[in-house]
$ cat data.txt   # compact mmCIF, C-alpha atoms and all ligand atoms
# COMPACT_ATOMS: atom_id res chain seq x y z
CA MET A 1 3.00 -105.76 43.62
CA PRO A 2 0.20 -106.45 46.10
CA LEU A 3 0.54 -109.77 47.89
CA LEU A 4 -3.14 -110.57 47.54
CA GLN A 5 -4.32 -110.32 43.96
CA PRO A 6 -8.00 -109.46 43.37
CA HIS A 7 -9.85 -112.25 41.59
CA VAL A 8 -12.38 -111.37 38.85
CA LEU A 9 -15.49 -113.57 38.94
CA PRO A 10 -16.82 -115.02 35.66
CA GLU A 11 -20.23 -113.54 34.82
CA GLU A 12 -22.20 -116.84 35.16
CA THR A 13 -21.22 -117.06 38.83
CA LEU A 14 -22.83 -113.70 39.69
CA SER A 15 -25.74 -114.04 42.07
CA HIS A 16 -27.54 -110.96 40.67
CA PRO A 17 -27.96 -110.26 36.95
CA ILE A 18 -26.31 -107.01 35.84
CA ARG A 19 -28.90 -104.39 34.87
CA ILE A 20 -27.68 -101.81 32.39
CA VAL A 21 -28.97 -98.36 33.31
CA GLU A 22 -31.05 -96.68 30.58
CA PRO A 23 -29.13 -93.95 28.72
CA ILE A 24 -29.82 -90.54 30.22
CA VAL A 25 -31.20 -87.93 27.84
CA ASP A 26 -30.55 -84.50 29.31
CA GLU A 27 -31.03 -81.46 27.09
CA ARG A 28 -29.92 -78.93 29.69
CA MET A 29 -26.80 -76.84 29.25
CA TYR A 30 -24.49 -76.86 32.26
CA VAL A 31 -21.91 -74.44 33.60
CA THR A 32 -19.40 -77.13 32.74
CA GLN A 33 -19.23 -80.67 31.45
CA PRO A 34 -16.25 -82.98 31.58
CA HIS A 35 -14.15 -83.45 28.48
CA LEU A 36 -13.81 -87.21 28.09
CA ALA A 37 -11.40 -89.09 25.84
CA PRO A 38 -13.19 -91.55 23.50
CA LEU A 39 -14.27 -94.62 25.48
CA ALA A 40 -12.77 -97.04 22.94
CA GLU A 41 -9.33 -95.54 23.56
CA PHE A 42 -9.62 -96.33 27.26
CA ILE A 43 -10.30 -100.05 26.82
CA PRO A 44 -6.64 -101.06 26.24
CA TYR A 45 -5.69 -99.30 29.48
CA LEU A 46 -8.38 -101.23 31.33
CA GLU A 47 -7.18 -104.48 29.77
CA LYS A 48 -3.70 -103.84 31.13
CA ILE A 49 -5.07 -103.26 34.62
CA TRP A 50 -7.19 -106.42 34.42
CA GLN A 51 -4.10 -108.37 33.28
CA SER A 52 -1.72 -107.06 35.93
CA LYS A 53 -4.31 -106.92 38.74
CA VAL A 54 -2.45 -103.93 40.14
CA LEU A 55 -5.27 -101.59 41.13
CA THR A 56 -3.58 -99.07 43.40
CA ASN A 57 -0.63 -98.32 45.75
CA GLY A 58 1.61 -96.54 43.28
CA GLY A 59 1.36 -98.97 40.35
CA PRO A 60 2.74 -98.50 36.83
CA PHE A 61 0.02 -96.13 35.57
CA HIS A 62 0.43 -93.98 38.68
CA GLN A 63 4.16 -93.69 38.00
CA GLN A 64 3.72 -93.01 34.28
CA PHE A 65 1.03 -90.41 34.91
CA GLU A 66 3.16 -88.53 37.44
CA LYS A 67 6.02 -88.38 34.94
CA ALA A 68 3.79 -87.37 32.02
CA LEU A 69 2.09 -84.65 34.07
CA CYS A 70 5.42 -83.18 35.20
CA GLU A 71 6.47 -82.94 31.56
CA TYR A 72 3.17 -81.46 30.42
CA LEU A 73 2.94 -78.92 33.24
CA GLY A 74 6.62 -77.98 33.19
CA VAL A 75 7.27 -78.87 36.84
CA LYS A 76 9.92 -81.12 38.36
CA HIS A 77 8.08 -83.09 41.06
CA LEU A 78 4.46 -83.93 41.69
CA ALA A 79 2.53 -86.33 43.92
CA LEU A 80 -0.86 -87.60 42.73
CA PHE A 81 -3.85 -87.69 45.08
CA THR A 82 -7.39 -89.05 45.15
CA ASN A 83 -8.75 -85.49 45.09
CA GLY A 84 -7.72 -81.89 45.57
CA THR A 85 -9.13 -81.59 49.09
CA LEU A 86 -7.01 -84.41 50.52
CA ALA A 87 -4.05 -82.91 48.68
CA LEU A 88 -4.66 -79.56 50.43
CA VAL A 89 -5.02 -81.25 53.83
CA THR A 90 -1.78 -83.17 53.23
CA ALA A 91 0.13 -80.13 51.92
CA LEU A 92 -0.54 -78.38 55.23
CA GLN A 93 0.61 -81.48 57.12
CA ALA A 94 3.75 -81.76 55.02
CA LEU A 95 4.84 -78.23 55.95
CA ARG A 96 3.68 -78.72 59.58
CA ILE A 97 1.50 -75.62 59.41
CA THR A 98 -0.22 -74.66 62.67
CA GLY A 99 -1.78 -71.57 64.27
CA GLU A 100 -3.31 -69.11 61.78
CA VAL A 101 -3.28 -69.10 58.00
CA ILE A 102 -4.25 -66.14 55.84
CA THR A 103 -6.61 -67.10 53.04
CA THR A 104 -9.35 -65.85 50.73
CA PRO A 105 -13.08 -66.08 51.42
CA TYR A 106 -13.77 -66.03 47.67
CA SER A 107 -13.24 -69.69 46.83
CA PHE A 108 -14.78 -73.12 47.04
CA VAL A 109 -15.27 -74.16 50.65
CA ALA A 110 -12.58 -76.88 50.44
CA THR A 111 -9.86 -74.21 50.65
CA ALA A 112 -10.77 -73.22 54.21
CA HIS A 113 -12.03 -76.67 55.20
CA SER A 114 -8.50 -78.02 54.65
CA LEU A 115 -7.35 -75.62 57.38
CA LEU A 116 -10.05 -76.70 59.84
CA TRP A 117 -9.20 -80.36 59.22
CA ASN A 118 -5.69 -79.51 60.44
CA GLY A 119 -6.90 -77.55 63.49
CA ILE A 120 -5.70 -74.30 61.88
CA LYS A 121 -7.58 -70.99 62.20
CA PRO A 122 -8.39 -69.40 58.83
CA VAL A 123 -7.92 -65.63 58.76
CA PHE A 124 -9.84 -64.14 55.85
CA VAL A 125 -8.35 -61.27 53.85
CA ASP A 126 -10.19 -59.41 51.11
CA VAL A 127 -9.67 -59.90 47.39
CA ASP A 128 -8.61 -57.44 44.73
CA PRO A 129 -11.85 -56.26 43.07
CA HIS A 130 -10.38 -56.66 39.56
CA THR A 131 -8.67 -60.06 39.80
CA LEU A 132 -10.83 -61.51 42.62
CA ASN A 133 -7.62 -63.05 44.00
CA LEU A 134 -6.25 -62.41 47.50
CA ASP A 135 -5.20 -58.75 47.64
CA PRO A 136 -1.49 -58.60 48.61
CA ALA A 137 -1.95 -55.02 49.87
CA LYS A 138 -4.29 -56.30 52.60
CA ILE A 139 -2.22 -59.26 53.80
CA GLU A 140 0.28 -57.57 56.12
CA ALA A 141 -2.41 -56.04 58.35
CA ALA A 142 -3.76 -59.54 59.06
CA ILE A 143 -0.44 -61.07 60.14
CA THR A 144 -0.15 -61.88 63.87
CA PRO A 145 2.49 -63.79 65.87
CA GLN A 146 0.38 -66.92 65.27
CA THR A 147 0.44 -66.61 61.47
CA THR A 148 2.46 -69.39 59.86
CA ALA A 149 1.36 -69.41 56.23
CA ILE A 150 -0.65 -67.85 53.40
CA MET A 151 -3.05 -69.94 51.32
CA PRO A 152 -4.08 -67.97 48.23
CA VAL A 153 -6.22 -69.33 45.37
CA HIS A 154 -5.57 -68.75 41.66
CA CYS A 155 -9.28 -68.07 41.31
CA TYR A 156 -10.81 -69.15 37.97
CA GLY A 157 -7.26 -70.06 36.91
CA HIS A 158 -6.09 -66.42 36.91
CA PRO A 159 -2.63 -66.20 38.52
CA CYS A 160 -2.31 -64.44 41.87
CA ASP A 161 0.26 -61.69 42.28
CA VAL A 162 2.85 -64.34 43.14
CA GLU A 163 5.79 -61.93 43.44
CA ALA A 164 4.04 -59.61 45.92
CA ILE A 165 2.81 -62.57 47.99
CA GLN A 166 6.27 -64.16 48.09
CA LYS A 167 7.82 -60.86 49.20
CA ILE A 168 5.47 -60.68 52.18
CA ALA A 169 6.05 -64.36 52.99
CA ASP A 170 9.82 -63.83 52.93
CA ASN A 171 9.61 -60.74 55.14
CA TYR A 172 7.54 -62.51 57.78
CA ASN A 173 8.99 -66.01 57.37
CA LEU A 174 5.68 -67.51 56.25
CA LYS A 175 5.04 -70.52 54.03
CA VAL A 176 2.88 -70.17 50.92
CA ILE A 177 0.59 -72.97 49.77
CA TYR A 178 -1.30 -72.16 46.58
CA ASP A 179 -4.72 -73.67 46.09
CA ALA A 180 -4.24 -74.08 42.35
CA ALA A 181 -7.34 -76.24 41.89
CA HIS A 182 -8.38 -74.07 38.92
CA ALA A 183 -4.91 -73.49 37.48
CA PHE A 184 -4.09 -76.58 35.41
CA GLY A 185 -1.73 -75.57 32.60
CA VAL A 186 -1.68 -71.87 33.51
CA GLN A 187 1.56 -70.06 32.69
CA THR A 188 3.00 -66.73 33.77
CA GLY A 189 5.92 -64.93 32.12
CA ASN A 190 8.37 -67.35 33.78
CA GLY A 191 6.72 -70.69 33.09
CA SER A 192 4.15 -72.66 35.06
CA VAL A 193 2.27 -70.76 37.76
CA LEU A 194 2.50 -73.99 39.79
CA GLN A 195 6.18 -73.41 40.52
CA HIS A 196 5.42 -70.58 42.92
CA GLY A 197 5.13 -70.82 46.68
CA ASP A 198 6.28 -73.74 48.81
CA LEU A 199 3.62 -76.08 47.43
CA SER A 200 0.76 -75.87 44.92
CA VAL A 201 -2.31 -78.08 44.84
CA LEU A 202 -4.27 -79.10 41.72
CA SER A 203 -7.72 -80.67 41.41
CA PHE A 204 -8.66 -83.08 38.63
CA HIS A 205 -12.33 -83.23 39.63
CA ALA A 206 -14.96 -83.91 36.96
CA THR A 207 -15.77 -80.18 36.84
CA LYS A 208 -12.19 -79.09 36.19
CA VAL A 209 -10.45 -78.26 32.90
CA PHE A 210 -8.50 -81.51 33.15
CA ASN A 211 -10.24 -84.37 34.92
CA THR A 212 -9.49 -87.90 36.05
CA PHE A 213 -13.10 -88.29 37.36
CA GLU A 214 -11.76 -87.44 40.85
CA GLY A 215 -8.13 -86.58 41.45
CA GLY A 216 -5.58 -84.06 42.55
CA ALA A 217 -1.87 -83.43 42.96
CA ILE A 218 0.69 -81.56 45.01
CA ILE A 219 3.45 -79.84 43.07
CA CYS A 220 6.65 -80.20 45.10
CA PRO A 221 9.85 -78.16 44.81
CA ASP A 222 12.25 -81.10 45.28
CA ALA A 223 12.49 -84.90 45.43
CA LYS A 224 12.81 -84.96 49.22
CA THR A 225 9.54 -83.08 49.73
CA LYS A 226 7.80 -85.34 47.23
CA GLN A 227 9.04 -88.42 49.06
CA HIS A 228 7.73 -87.06 52.36
CA ILE A 229 4.36 -86.32 50.75
CA ASP A 230 4.32 -89.80 49.17
CA HIS A 231 4.71 -91.23 52.67
CA LEU A 232 1.97 -88.97 54.05
CA LYS A 233 -0.52 -90.07 51.38
CA ASN A 234 0.21 -93.74 52.17
CA PHE A 235 -0.55 -93.80 55.92
CA GLY A 236 3.02 -92.65 56.68
CA TYR A 237 4.49 -95.96 55.49
CA VAL A 238 8.11 -95.88 54.38
CA ASP A 239 8.47 -99.65 54.12
CA GLU A 240 6.64 -102.73 55.36
CA VAL A 241 7.61 -102.17 59.00
CA THR A 242 8.23 -98.41 59.23
CA VAL A 243 5.60 -95.70 59.72
CA VAL A 244 7.03 -92.19 60.05
CA ALA A 245 3.87 -90.06 60.31
CA SER A 246 0.16 -90.28 60.96
CA GLY A 247 -0.49 -90.21 57.23
CA ILE A 248 -3.75 -90.61 55.38
CA ASN A 249 -4.90 -92.72 52.45
CA GLY A 250 -4.72 -90.18 49.61
CA LYS A 251 -3.43 -92.42 46.81
CA MET A 252 -4.79 -92.13 43.29
CA SER A 253 -5.98 -95.49 41.93
CA GLU A 254 -4.60 -97.08 38.78
CA ILE A 255 -7.87 -96.58 36.94
CA ASN A 256 -7.82 -92.81 37.55
CA ALA A 257 -4.12 -92.59 36.70
CA ALA A 258 -4.57 -94.59 33.48
CA PHE A 259 -7.49 -92.38 32.50
CA GLY A 260 -5.39 -89.28 33.27
CA LEU A 261 -2.65 -90.52 30.96
CA LEU A 262 -5.19 -90.87 28.17
CA GLN A 263 -6.84 -87.53 28.95
CA LEU A 264 -3.48 -85.78 28.57
CA LYS A 265 -3.47 -86.77 24.89
CA HIS A 266 -6.66 -84.76 24.36
CA ILE A 267 -6.19 -81.79 26.65
CA ASP A 268 -4.70 -79.38 24.10
CA VAL A 269 -7.73 -79.71 21.82
CA ALA A 270 -10.02 -79.08 24.80
CA LEU A 271 -8.06 -76.00 25.88
CA ALA A 272 -8.06 -74.61 22.33
CA ARG A 273 -11.86 -74.88 22.12
CA ARG A 274 -12.23 -73.20 25.53
CA LYS A 275 -10.07 -70.33 24.28
CA GLU A 276 -12.35 -69.87 21.25
CA ILE A 277 -15.45 -69.83 23.44
CA ASP A 278 -13.87 -67.34 25.85
CA ALA A 279 -12.99 -65.02 22.95
CA ARG A 280 -16.47 -65.33 21.44
CA TYR A 281 -18.15 -64.46 24.76
CA ARG A 282 -15.91 -61.41 25.19
CA THR A 283 -16.76 -60.15 21.69
CA LEU A 284 -20.50 -60.76 21.98
CA LEU A 285 -20.81 -59.35 25.52
CA ARG A 286 -18.65 -56.29 24.91
CA ASP A 287 -21.57 -53.96 24.23
CA VAL A 288 -24.13 -55.45 26.60
CA PRO A 289 -24.77 -52.75 29.23
CA GLY A 290 -24.49 -53.71 32.88
CA VAL A 291 -22.44 -56.86 32.35
CA ARG A 292 -18.70 -57.02 33.00
CA CYS A 293 -16.52 -59.98 32.05
CA VAL A 294 -13.97 -60.75 34.75
CA ASN A 295 -10.31 -60.54 33.76
CA ASP A 296 -9.15 -60.97 30.24
CA ALA A 297 -6.31 -63.50 30.26
CA GLY A 298 -4.26 -61.02 28.22
CA GLU A 299 -0.73 -62.09 27.52
CA LYS A 300 -0.77 -64.87 30.08
CA THR A 301 -1.45 -68.43 29.03
CA ALA A 302 -4.80 -69.06 30.61
CA ASN A 303 -6.88 -72.24 30.74
CA TYR A 304 -10.34 -70.62 30.36
CA SER A 305 -11.70 -72.84 33.10
CA TYR A 306 -14.61 -70.55 34.05
CA PHE A 307 -16.38 -67.63 32.44
CA PRO A 308 -17.47 -65.36 35.30
CA ILE A 309 -19.48 -62.23 34.56
CA LEU A 310 -20.37 -59.51 37.05
CA VAL A 311 -23.98 -58.33 36.85
CA GLU A 312 -23.68 -54.63 37.68
CA ASN A 313 -26.34 -52.37 39.17
CA ASP A 314 -27.23 -50.81 35.81
CA TYR A 315 -28.19 -54.21 34.33
CA PRO A 316 -32.01 -54.42 33.99
CA LEU A 317 -32.26 -57.57 36.15
CA SER A 318 -30.74 -58.51 39.49
CA ARG A 319 -28.04 -61.18 39.42
CA ASP A 320 -30.43 -63.70 40.96
CA ALA A 321 -33.20 -62.87 38.49
CA LEU A 322 -30.77 -63.51 35.62
CA TYR A 323 -29.69 -66.76 37.30
CA GLN A 324 -33.35 -67.81 37.42
CA LYS A 325 -33.97 -66.70 33.81
CA PHE A 326 -31.16 -69.02 32.71
CA ARG A 327 -32.69 -71.89 34.68
CA ASP A 328 -36.08 -71.21 33.07
CA HIS A 329 -34.29 -71.78 29.75
CA GLU A 330 -32.71 -75.03 31.03
CA ILE A 331 -29.27 -73.43 31.28
CA ILE A 332 -27.69 -74.28 34.61
CA VAL A 333 -25.38 -71.40 35.46
CA ARG A 334 -23.67 -71.14 38.86
CA ARG A 335 -22.83 -68.39 41.35
CA TYR A 336 -19.21 -69.37 42.04
CA PHE A 337 -18.39 -68.13 44.73
CA TYR A 338 -21.58 -67.19 46.53
CA PRO A 339 -21.99 -67.40 49.47
CA LEU A 340 -18.47 -66.48 50.55
CA ILE A 341 -16.75 -69.16 52.63
CA SER A 342 -16.74 -66.69 55.52
CA GLU A 343 -20.57 -66.74 55.52
CA PHE A 344 -20.82 -70.45 56.37
CA PRO A 345 -21.61 -71.28 60.01
CA MET A 346 -18.24 -72.83 60.87
CA TYR A 347 -16.42 -69.62 59.81
CA ARG A 348 -18.96 -66.88 60.49
CA GLY A 349 -18.02 -66.19 64.12
CA THR A 350 -14.44 -64.96 63.59
CA PRO A 351 -13.70 -61.20 63.24
CA SER A 352 -11.93 -61.62 59.89
CA ALA A 353 -15.11 -63.20 58.47
CA HIS A 354 -17.10 -60.02 59.01
CA ARG A 355 -18.42 -58.43 55.79
CA ASP A 356 -16.88 -55.06 56.72
CA ASN A 357 -13.48 -56.74 56.50
CA LEU A 358 -14.28 -58.18 53.07
CA PRO A 359 -15.98 -55.47 50.98
CA ALA A 360 -14.60 -56.48 47.57
CA ALA A 361 -15.26 -60.20 48.05
CA SER A 362 -18.75 -59.50 49.42
CA GLU A 363 -19.62 -57.34 46.42
CA ALA A 364 -18.27 -59.86 43.91
CA ALA A 365 -20.18 -62.71 45.57
CA LEU A 366 -23.43 -60.76 45.06
CA LYS A 367 -22.70 -59.92 41.41
CA VAL A 368 -21.00 -63.00 39.99
CA LEU A 369 -22.50 -65.50 37.59
CA CYS A 370 -20.43 -68.22 35.94
CA ILE A 371 -21.90 -68.90 32.52
CA PRO A 372 -21.31 -72.18 30.65
CA ILE A 373 -17.89 -72.84 29.20
CA HIS A 374 -16.66 -76.27 28.16
CA PRO A 375 -15.26 -77.81 24.98
CA GLY A 376 -18.52 -79.57 24.10
CA MET A 377 -20.30 -76.24 23.46
CA SER A 378 -21.15 -75.22 19.91
CA ASP A 379 -21.06 -71.64 18.62
CA GLU A 380 -24.88 -71.75 18.70
CA ASP A 381 -24.77 -72.66 22.41
CA VAL A 382 -22.57 -69.62 23.07
CA GLU A 383 -24.97 -67.38 21.15
CA ARG A 384 -27.97 -68.80 23.06
CA VAL A 385 -26.30 -67.90 26.36
CA VAL A 386 -25.47 -64.39 25.15
CA ASP A 387 -29.03 -63.88 23.80
CA ILE A 388 -30.44 -64.59 27.25
CA ILE A 389 -28.17 -61.98 28.80
CA ALA A 390 -28.68 -59.41 26.05
CA SER A 391 -32.47 -59.75 25.90
CA ALA A 392 -33.21 -58.74 29.50
N1 LIG A 401 -10.11 -75.63 45.89
C1 LIG A 401 -10.86 -75.00 44.97
C2 LIG A 401 -10.58 -73.58 44.66
C3 LIG A 401 -11.86 -75.72 44.30
O1 LIG A 401 -12.63 -75.08 43.38
C4 LIG A 401 -12.07 -77.07 44.62
C5 LIG A 401 -13.16 -77.80 43.99
C6 LIG A 401 -11.25 -77.68 45.58
C7 LIG A 401 -10.26 -76.91 46.20
C8 LIG A 401 -11.38 -79.12 45.96
O2 LIG A 401 -10.97 -79.99 44.92
P1 LIG A 401 -11.60 -81.49 44.84
O3 LIG A 401 -11.48 -82.11 46.20
O4 LIG A 401 -13.05 -81.35 44.41
O5 LIG A 401 -10.75 -82.18 43.81
C9 LIG A 401 -17.85 -78.40 42.22
C10 LIG A 401 -16.85 -79.49 42.45
O6 LIG A 401 -17.39 -80.61 43.15
C11 LIG A 401 -15.61 -79.06 43.11
O7 LIG A 401 -14.61 -80.01 42.79
C12 LIG A 401 -15.16 -77.69 42.62
N2 LIG A 401 -14.02 -77.19 43.31
C13 LIG A 401 -16.29 -76.70 42.77
C14 LIG A 401 -15.92 -75.32 42.28
O8 LIG A 401 -17.37 -77.13 41.98
P2 LIG A 401 -20.39 -78.29 42.77
O9 LIG A 401 -21.13 -78.66 43.98
O10 LIG A 401 -20.64 -76.99 42.15
O11 LIG A 401 -20.49 -79.44 41.65
P3 LIG A 401 -21.76 -79.95 40.84
O12 LIG A 401 -21.89 -81.41 41.10
O13 LIG A 401 -22.93 -79.09 41.09
O14 LIG A 401 -21.27 -79.79 39.33
C15 LIG A 401 -21.35 -78.58 38.61
C16 LIG A 401 -21.80 -78.91 37.19
O15 LIG A 401 -20.83 -79.71 36.55
C17 LIG A 401 -23.08 -79.70 37.11
O16 LIG A 401 -24.17 -78.82 37.04
C18 LIG A 401 -22.93 -80.52 35.85
C19 LIG A 401 -21.44 -80.68 35.69
N3 LIG A 401 -20.97 -82.02 36.09
C20 LIG A 401 -20.65 -82.27 37.39
C21 LIG A 401 -20.21 -83.51 37.78
C22 LIG A 401 -19.82 -83.81 39.20
C23 LIG A 401 -20.91 -83.02 35.14
O17 LIG A 401 -21.25 -82.81 33.96
N4 LIG A 401 -20.46 -84.26 35.51
C24 LIG A 401 -20.11 -84.55 36.79
O18 LIG A 401 -19.68 -85.69 37.07
O19 LIG A 401 -18.85 -78.39 43.19

$ encode --input "data.txt" --output "structure tokens"
Amino acid sequence: MPLLQPHVLPEETLSHPIRIVEPIVDERMYVTQPHLAPLAEFIPYLEKIWQSKVLTNGGPFHQQFEKALCEYLGVKHLALFTNGTLALVTALQALRITGEVITTPYSFVATAHSLLWNGIKPVFVDVDPHTLNLDPAKIEAAITPQTTAIMPVHCYGHPCDVEAIQKIADNYNLKVIYDAAHAFGVQTGNGSVLQHGDLSVLSFHATKVFNTFEGGAIICPDAKTKQHIDHLKNFGYVDEVTVVASGINGKMSEINAAFGLLQLKHIDVALARRKEIDARYRTLLRDVPGVRCVNDAGEKTANYSYFPILVENDYPLSRDALYQKFRDHEIIVRRYFYPLISEFPMYRGTPSAHRDNLPAASEAALKVLCIPIHPGMSDEDVERVVDIIASA
């Protein structure tokens, strides 16, 4: 319990009247929209927080949410974070990674930024043109005496070739930290994809399949590692007078944890609707010339977090013209992941960032378009999106 309890002021003592913001009417269709549990269901959780006045620092909702998530995801240990980026930064700290880390350029910039924040040099390796995940066949050539780890991304929630990556890591004594920001709930033949590697990092950002507004987690292999990570996310504090590391403040607040607990009750319905939309897109786009849907989830249990299409050269419009056509129809599609991380100024100078080293990633970045997929979409919405693609 915190020593100082926050005091809630009665409304009549407020010096400024509260102005309620006008409801926003927005008819646009977005690449994603958060799935939110009904507001009325959240009120009792808020009442508990207001009663207890425990707002953060590993309170009861934080503890319950960690336990509930472990059960849902089928993992043994997990440490909650304020967001996925701080979780990535801390995962690298926890394993004391230094020197060079092999990673993918085809991701959100946070993947490589987490390396720079730790003073680590990212070494970019190309992706497999079919899965758009780090290509295991290209990893060995990039290993140097300075290489200490591999940081692959389960891009769009599609599992990396975890066996091949682990084999290389074992041969060269490297750690593996998966950026699993997209991979909530994803299974492989042997259970959760999050069990692979030394650590895996999730994001619960508003744009993710499962959101706590902002949030993230590190999946840990054992209780000892989790305890170390729990210290690192709390400034390195072990107890009131002991600090064991130069930790950060990465703790998830009680409000986010409480909301996460509630969101878990609704996630299966959201995933089921995503699956329907994914299937509908694949059927309707099958015969549209010049458009290729990336990766069918096949037998794996996917989470349908994104719906990327590749706009091929025989499509009547360029990728960017199609992107603009969508915008003209108030449909806000995105080019995840264009530009490649390796194209940004803080990465551009290194030899591994050169386009010649990254032909598959460079080509995908120029062709990809992520079209809307989220549980709030109707069948008519899906058809509207397909009509725009098919009518070029
Ligand atoms: N690793 C990977 C592989 C990642 O993809 C990410 C994050 C991270 C690490 C880092 O995790 P976090 O630290 O974020 O937990 C978004 C997200 O901000 C980012 O979390 C995400 N990846 C990335 C792929 O996408 P933007 O700049 O595209 O977001 P924004 O604001 O343009 O949102 C996209 C659409 O989502 C909007 O057009 C409408 C909708 N939206 C968005 C927000 C924020 C909503 O409906 N409500 C909202 O509150 O980066």

$ residues_around --input "data.txt" --residues "Ile309 in chain A" --least-positions-apart "6" --cutoff "10 Å" --atoms "only C-alpha atoms" --output "list in words"
Leu285, Val291, Arg292, Cys293, Val294, Asn295, Arg319, Arg335, Ala364, Lys367, Val368, Leu369, Cys370 and Ile371 of chain A

$ axis_aligned_box --input "data.txt" --around "ligand LIG 401 (chain A)" --padding-each-side "4 Å" --output "AutoDock Vina command-line options"
--center_x -17.1 --center_y -79.6 --center_z 40.1 --size_x 22.1 --size_y 20.1 --size_z 20.2

$ residues_near_ligand --input "data.txt" --ligand "ligand LIG 401 (chain A)" --cutoff "7 Å" --atoms "all atoms listed in the file" --output "list in words"
Tyr30, Val31, Thr32, Gln33, Pro34, Asn83, Gly84, Thr85, Leu86, Ser107, Phe108, Ala110, Thr111, Val153, Cys155, Asp179, Ala180, Ala181, His182, Ser203, Phe204, His205, Ala206, Thr207, Glu214, Gly215, Gly216, Ile332 and Tyr336 of chain A

$ write_last_selection --input "data.txt" --atoms "C-alpha atoms" --output "PDB file, in the frame of the given file"
ATOM      1  CA  TYR A  30     -24.490 -76.860  32.260  1.00  0.00           C
ATOM      2  CA  VAL A  31     -21.910 -74.440  33.600  1.00  0.00           C
ATOM      3  CA  THR A  32     -19.400 -77.130  32.740  1.00  0.00           C
ATOM      4  CA  GLN A  33     -19.230 -80.670  31.450  1.00  0.00           C
ATOM      5  CA  PRO A  34     -16.250 -82.980  31.580  1.00  0.00           C
ATOM      6  CA  ASN A  83      -8.750 -85.490  45.090  1.00  0.00           C
ATOM      7  CA  GLY A  84      -7.720 -81.890  45.570  1.00  0.00           C
ATOM      8  CA  THR A  85      -9.130 -81.590  49.090  1.00  0.00           C
ATOM      9  CA  LEU A  86      -7.010 -84.410  50.520  1.00  0.00           C
ATOM     10  CA  SER A 107     -13.240 -69.690  46.830  1.00  0.00           C
ATOM     11  CA  PHE A 108     -14.780 -73.120  47.040  1.00  0.00           C
ATOM     12  CA  ALA A 110     -12.580 -76.880  50.440  1.00  0.00           C
ATOM     13  CA  THR A 111      -9.860 -74.210  50.650  1.00  0.00           C
ATOM     14  CA  VAL A 153      -6.220 -69.330  45.370  1.00  0.00           C
ATOM     15  CA  CYS A 155      -9.280 -68.070  41.310  1.00  0.00           C
ATOM     16  CA  ASP A 179      -4.720 -73.670  46.090  1.00  0.00           C
ATOM     17  CA  ALA A 180      -4.240 -74.080  42.350  1.00  0.00           C
ATOM     18  CA  ALA A 181      -7.340 -76.240  41.890  1.00  0.00           C
ATOM     19  CA  HIS A 182      -8.380 -74.070  38.920  1.00  0.00           C
ATOM     20  CA  SER A 203      -7.720 -80.670  41.410  1.00  0.00           C
ATOM     21  CA  PHE A 204      -8.660 -83.080  38.630  1.00  0.00           C
ATOM     22  CA  HIS A 205     -12.330 -83.230  39.630  1.00  0.00           C
ATOM     23  CA  ALA A 206     -14.960 -83.910  36.960  1.00  0.00           C
ATOM     24  CA  THR A 207     -15.770 -80.180  36.840  1.00  0.00           C
ATOM     25  CA  GLU A 214     -11.760 -87.440  40.850  1.00  0.00           C
ATOM     26  CA  GLY A 215      -8.130 -86.580  41.450  1.00  0.00           C
ATOM     27  CA  GLY A 216      -5.580 -84.060  42.550  1.00  0.00           C
ATOM     28  CA  ILE A 332     -27.690 -74.280  34.610  1.00  0.00           C
ATOM     29  CA  TYR A 336     -19.210 -69.370  42.040  1.00  0.00           C
TER      30      TYR A 336
END

$ atom_distance --input "data.txt" --atom1 "CA of Phe213 in chain A" --atom2 "CA of His266 in chain A"
14.9 Å

$ atom_distance --input "data.txt" --atom1 "CA of Glu41 in chain A" --atom2 "CA of Gly250 in chain A"
27.0 Å
